[in-house]
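Asks: My questions all concern the structure below.
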Amino acid sequence: AVVSTQSAHYGRGDMFARDFRKRGMIPLSTYMKCYKNGDIVDIKGCGTVTKGMPHKVYHGKTGRVYNVTKRAVGVIVNKRVRGSILAKKINLRVEHISHSKCRDDFLNRVVKNELVKKEAKASGVFVCTRRAPVNPRSAHTVKGKGISVEEVCPIRYEFIA
């Protein structure tokens, strides 16, 4: 039988499968997490809970919470449809989402920069809080202790008839 690649259920078997040794009961910490409007969440479908599941298109996407109900949350996600990007509103159960860590680095950097600015203002020194790219390493010679240099070259090909 020929399987339709256009169906909603095609290619989901591996996508929503639980990880190795992570099958069975869902940890209670999943239900203890607090979601508020404006939170950034990652969508990852959990195959154990079939209710309130995301469509396979939204699996792995990041969205923003706009509505919170008893067991589920409403999430706004960007979806690319041909040439345009549409903001879609989808309702998902809490088992299928997790808090995104995409802003953690930024927020930590903001806190660190404020401390650095405060110290610099107290000491009267200018400090630059901008991120600078890592410069290439300076030229250097690699030396080995008591190791002679070995020249490596390919063996010449000889046709044997």
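Chain lettering (A, B, ...) mirrors the order of the structure tokens, residue numbering begins at 1 for each chain separately, and ligand numbering begins at 1 in order of display.
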Write out as a list in words the residues lying within 10 Å of Val127 (chain A), counting only C-alpha atoms and excluding same-chain residues fewer than 5 positions away.
Replies: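 Selected residues are Asn113, Val116, Lys117, Glu119, Ala120 and Lys121 of chain A.
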Asks: Would you mind listing what lies within 12 Å of region 60-72 of chain A as a count of residues only, with only C-alpha atoms counted and same-chain residues fewer than 4 positions away left out?
Replies: 47
Asks: DSSP says helix (DSSP H, G or I) for which residues of chain A? Put them as a PyMOL selection string?
Replies: chain A and resi 29-32+56-58+94-96+104-123
